[in-house]
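Undergrad: Here's a structure for you.
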Amino acid sequence: MTPDPRVPLILVTGLAPGPNATLAELLRIAEPGTAVVHHDLREIHSGVVRRRLQLEQRDQLTVLELAHGCVSCTLREDLLPLLRHLARMPQVRRIVVRLDEAMEPEPVSWAIRNVLVGDHPVSDDVDLRAVLAVVDCATFLADATGDDVPAERNLQASPEDERTVAQVALSQAEFADVLVLAGAATDAWTAAKASAVLDRVAPSVPRVELNRIDGHSVLDAVPANARRGEVTDLHGALLRGEPPVHVDCGIGLVTFTAQRPFHPQRLHDALDVLLDGVVRTRGRAWVASQPDVAFWIESAGGGLGIGHAGPWLAAPDGPEWTDVSPERRTLASLRWHPVHGDRAQELVVVTDQTTPDEIDAALRGALLTDEELAAGPAEWQRYPDPFGDWHEEPCEDSDPARTEATAANRKEER
């Protein structure tokens with residue numbers, strides 16, 4: 001077998017800057033020729049990013065001034081070209097990118113594979129071997145279930161950042177190949193409850209302790225079937241691994257499915273159930289007034305995001321079967337309806353205190369009734385639609401399936 005000429009790349013992510021830096025340093029000293037890159041976004045609202053590059057005896061700090069201060073600009077204008085430059089330096093044997101605490105690893109992975117630098121993506125030069133997420137055991141549970149927004153912690157990824165800290169924390173954990181546990185929870189109950197959350201949002205991801213690893217053993221923990229930066233198919237399976245189905249420390253798992261559309265106004269009213277007593281929601285929705293596009297619903301802590309996941313296969317402008325993943329084709333085949341095709345409701349909800357019956361009742365009550373269903377699509381499109389107004393992302397070079405249309409709602413605003 002011909003050796004892969006690309007330079008190995010490792011992403012380090014997490015909300016705790018100290019442990020993140022410690023892990024990056026362990027990786028640096030474990031392999032001679034390792035370059036470590038870190039972009040500090042604390043002043044990104046002013047269009048300023050501070051980039052630190054460590055390579056052998058070199059420790060260089062560069063101040064970057066961006067036309068538009070955001071993560072997309074940082075990726076496009078500096079990180080991606082820098083990765084290519086480093087990969088072509090003969091002394092560089094490995095690259096470690098320590099992501100800013102405000103950054104989620106999935107859009108970075110998508111950009112590495114899809115954004116062109118010159119005439120081809122940087123994945124032609126680097127091979128993403130692992131995403132390592134640091135979990136601060138003292139704060140993870142509060143972060144994952146709280147209502148804080150990044151601006152309250154100076155963690156904004158852009159001036160328009162509407163995410164919650166919970167969304168960032170959970171996205172980092174969900175996308176990881178290994179979870180690196182740092183510090184200790186304040187008490188046994190907090191530790192057990194945080195573990196119950198991780199069991200459900202990242203069930204197949206191994207966990208190691210930061211104070212018991214080195215730069216070699218942490219990579220040895222990466223499983224053979226790790227995703228290694230593979231971006232989530234929004235029309236694929238919503239569960240990775242085998243999360244527990246029983247309730248533990250008040251944390252449970254609900255799967256909601258249905259093969260009839262939501263009434264737009266009743267769905268909008270029912271979304272409150274996903275904001276109180278819920279840790280995480282992810283999934284697809286079929287809304288009667290917009291029958292050709294799949295809605296993507298995602299909540300974390302006190303924040304809710306709704307976006308478009310692209311057209312259904314059965315939509316007039318839907319993709320060809322040969323153009324989508326085998327996983328999507330399989331799932332669509334299993335639920336294919338002779339009239340509605342692959343349109344369906346599929347939501348996975350990680351609950352905290354809220355009961356599965358409450359979730360199911362609220363969402364089921366938002367579905368069309370038998371009488372409404374019989375009225376047909378022409379009538380459905382006359383329904384008042386509170387989801388009709390969307391805004392485009394300010395920067396290009398983002399995953400179109402996730403940025404075609406998004407809207408964020410805070411719990412206190414609903």
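Identifiers in this document derive from the order of the structure tokens: chains are assigned A, B, ..., residues are numbered from 1 separately in each chain, and ligands are numbered from 1 in order of occurrence.
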Among the residues of region 236-347 of chain A, find those DSSP assigns to helix (DSSP H, G or I) from the backbone and print them as a PyMOL selection string.
TA: chain A and resi 264-274+321-323+326-335
Undergrad: Mind dumping the selected residues with N, CA and C atoms as a compact mmCIF listing (two decimals), in the first residue's frame?
TA:
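This is the output file result04.txt:
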```
# COMPACT_ATOMS: atom_id res chain seq x y z
N PRO A 264 -47.63 24.48 10.86
CA PRO A 264 -46.55 25.44 11.17
C PRO A 264 -46.78 26.22 12.46
N GLN A 265 -47.98 26.73 12.67
CA GLN A 265 -48.22 27.53 13.86
C GLN A 265 -48.21 26.68 15.12
N ARG A 266 -48.79 25.48 15.06
CA ARG A 266 -48.81 24.62 16.25
C ARG A 266 -47.40 24.12 16.57
N LEU A 267 -46.59 23.88 15.54
CA LEU A 267 -45.19 23.50 15.81
C LEU A 267 -44.46 24.64 16.48
N HIS A 268 -44.65 25.84 15.98
CA HIS A 268 -43.99 27.01 16.57
C HIS A 268 -44.37 27.14 18.04
N ASP A 269 -45.64 26.94 18.34
CA ASP A 269 -46.10 27.03 19.73
C ASP A 269 -45.55 25.89 20.58
N ALA A 270 -45.36 24.72 19.97
CA ALA A 270 -44.92 23.55 20.73
C ALA A 270 -43.43 23.56 21.01
N LEU A 271 -42.66 24.42 20.32
CA LEU A 271 -41.22 24.38 20.47
C LEU A 271 -40.75 24.73 21.88
N ASP A 272 -41.61 25.39 22.65
CA ASP A 272 -41.23 25.71 24.03
C ASP A 272 -40.89 24.45 24.82
N VAL A 273 -41.49 23.32 24.44
CA VAL A 273 -41.24 22.08 25.17
C VAL A 273 -39.78 21.64 24.99
N LEU A 274 -39.12 22.13 23.95
CA LEU A 274 -37.72 21.77 23.70
C LEU A 274 -36.74 22.72 24.38
N TRP A 321 -31.08 10.15 -6.33
CA TRP A 321 -30.69 9.12 -5.36
C TRP A 321 -29.20 8.82 -5.43
N THR A 322 -28.66 8.85 -6.63
CA THR A 322 -27.23 8.53 -6.79
C THR A 322 -26.33 9.63 -6.24
N ASP A 323 -26.90 10.80 -5.93
CA ASP A 323 -26.09 11.92 -5.45
C ASP A 323 -26.07 12.04 -3.93
N PRO A 326 -25.21 6.57 0.81
CA PRO A 326 -25.89 5.28 0.95
C PRO A 326 -26.76 5.23 2.21
N GLU A 327 -26.29 5.86 3.28
CA GLU A 327 -27.07 5.88 4.52
C GLU A 327 -28.40 6.58 4.31
N ARG A 328 -28.39 7.71 3.62
CA ARG A 328 -29.64 8.42 3.38
C ARG A 328 -30.57 7.60 2.49
N ARG A 329 -30.03 6.96 1.48
CA ARG A 329 -30.86 6.13 0.61
C ARG A 329 -31.52 5.00 1.39
N THR A 330 -30.75 4.40 2.29
CA THR A 330 -31.30 3.29 3.08
C THR A 330 -32.42 3.76 4.00
N LEU A 331 -32.18 4.87 4.70
CA LEU A 331 -33.20 5.39 5.61
C LEU A 331 -34.45 5.80 4.85
N ALA A 332 -34.27 6.43 3.69
CA ALA A 332 -35.43 6.85 2.89
C ALA A 332 -36.22 5.65 2.39
N SER A 333 -35.53 4.61 2.00
CA SER A 333 -36.21 3.40 1.52
C SER A 333 -37.05 2.76 2.60
N LEU A 334 -36.54 2.76 3.82
CA LEU A 334 -37.25 2.11 4.93
C LEU A 334 -38.56 2.81 5.27
N ARG A 335 -38.63 4.12 5.03
CA ARG A 335 -39.83 4.85 5.43
C ARG A 335 -40.61 5.41 4.24
```
Undergrad: Write down as a count of residues only the residues belonging to region 166-404 of chain A that are assigned strand (DSSP E or B) by DSSP computed on the backbone.
TA: 56
Undergrad: Mind giving me the straight-line distance from CA of Ala30 (chain A) to CA of Arg113 (chain A) in Å, one decimal?
TA: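 According to the coordinates, CA of Ala30 (chain A) and CA of Arg113 (chain A) are separated by 26.6 Å.
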Undergrad: Excluding Val348 (chain A) and its own-chain neighbours fewer than 5 positions away, which residues fall within 6 Å of it when counting only C-alpha atoms? Please give them as a VMD selection string.
TA: chain A and resid 254 to 255 281 to 282
Undergrad: Keeping only N, CA and C atoms, write the selected residues to a file as a PDB file, in the first residue's frame.
TA:
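Heads up, here's the output in result22.pdb:
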```
ATOM      1  N   VAL A 254     -35.458  10.569  24.243  1.00  0.00           N
ATOM      2  CA  VAL A 254     -36.742  10.414  23.569  1.00  0.00           C
ATOM      3  C   VAL A 254     -36.508  10.459  22.066  1.00  0.00           C
ATOM      4  N   THR A 255     -37.086   9.514  21.343  1.00  0.00           N
ATOM      5  CA  THR A 255     -37.074   9.540  19.884  1.00  0.00           C
ATOM      6  C   THR A 255     -38.503   9.750  19.403  1.00  0.00           C
ATOM      7  N   THR A 281     -31.699  18.733  21.536  1.00  0.00           N
ATOM      8  CA  THR A 281     -32.609  18.260  20.497  1.00  0.00           C
ATOM      9  C   THR A 281     -31.898  18.330  19.159  1.00  0.00           C
ATOM     10  N   ARG A 282     -32.029  17.301  18.366  1.00  0.00           N
ATOM     11  CA  ARG A 282     -31.491  17.309  17.009  1.00  0.00           C
ATOM     12  C   ARG A 282     -32.439  16.521  16.123  1.00  0.00           C
TER      13      ARG A 282
END
```
Undergrad: Could you name the residues that touch Gly69 (chain A) at 8 Å or less, counting only C-alpha atoms, but leaving out those on the same chain fewer than 3 positions away, as a PDB file with C-alpha atoms, in the first residue's frame?
TA:
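Here's the written file around16.pdb:
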```pdb
ATOM      1  CA  ILE A  44     -12.787  39.174  16.689  1.00  0.00           C
ATOM      2  CA  HIS A  45     -15.654  41.644  17.135  1.00  0.00           C
ATOM      3  CA  SER A  46     -13.096  44.319  16.169  1.00  0.00           C
ATOM      4  CA  GLY A  47     -11.823  42.307  13.214  1.00  0.00           C
ATOM      5  CA  VAL A  48      -8.641  41.303  15.061  1.00  0.00           C
ATOM      6  CA  LEU A  66      -9.827  40.798   8.987  1.00  0.00           C
ATOM      7  CA  CYS A  73     -13.147  34.701   7.523  1.00  0.00           C
ATOM      8  CA  THR A  74     -10.474  33.390   9.875  1.00  0.00           C
ATOM      9  CA  SER A 158     -18.622  36.697  15.257  1.00  0.00           C
ATOM     10  CA  PRO A 159     -20.572  39.867  16.112  1.00  0.00           C
TER      11      PRO A 159
END
```
Undergrad: What are the closest atom pairs, with distances in Å to one decimal, for all residues of region 127-170 of chain A lying within 8 Å of region 83-107 of chain A? Consider only C-alpha atoms, order rows by chain and residue number, and present the result as a tab-separated table.
TA:
```
residue	atom	partner	partner_atom	distance
A:Val131	CA	A:Pro105	CA	7.5
A:Pro150	CA	A:Ala102	CA	7.3
A:Leu155	CA	A:Ala102	CA	5.0
A:Gln156	CA	A:Ala102	CA	6.1
A:Ala157	CA	A:Ala102	CA	5.6
A:Val168	CA	A:Glu104	CA	6.3
```
Undergrad: Which distance in Å separates CA of Leu132 (chain A) and CA of Gly307 (chain A), to one decimal?
TA: 27.1 Å
Undergrad: I'd like the contact shell of Ala185 (chain A) - 10 Å cut-off, only C-alpha atoms, skipping same-chain residues fewer than 6 positions apart - returned as a list in words.
TA: Asp136, Cys137, Ala138, Thr139, Phe140, Leu141, Ala191, Ala192 and Ala194 of chain A
Undergrad: For region 365-369 of chain A, find every residue with an atom within 6 Å (counting only C-alpha atoms), except residues of its own chain fewer than 4 positions away, and show them as JSON, numbers by chain.
TA: {"A": [261, 262, 263, 266, 267, 361, 373]}
Undergrad: Show which residues sit within 10 Å of Pro377 (chain A), as a list of chain:residue names. Count only C-alpha atoms, and ignore same-chain residues fewer than 4 positions away.
TA: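 Near neighbours after the sequence-gap exclusion: A:Ala288, A:Ser289, A:Gln290, A:Pro291, A:Glu372, A:Leu373, A:Gln381, A:Arg382.
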Undergrad: Which distance in Å separates CA of Val324 (chain A) and CA of Gln259 (chain A), to one decimal?
TA: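 Between CA of Val324 (chain A) and CA of Gln259 (chain A) the gap works out to 21.3 Å.
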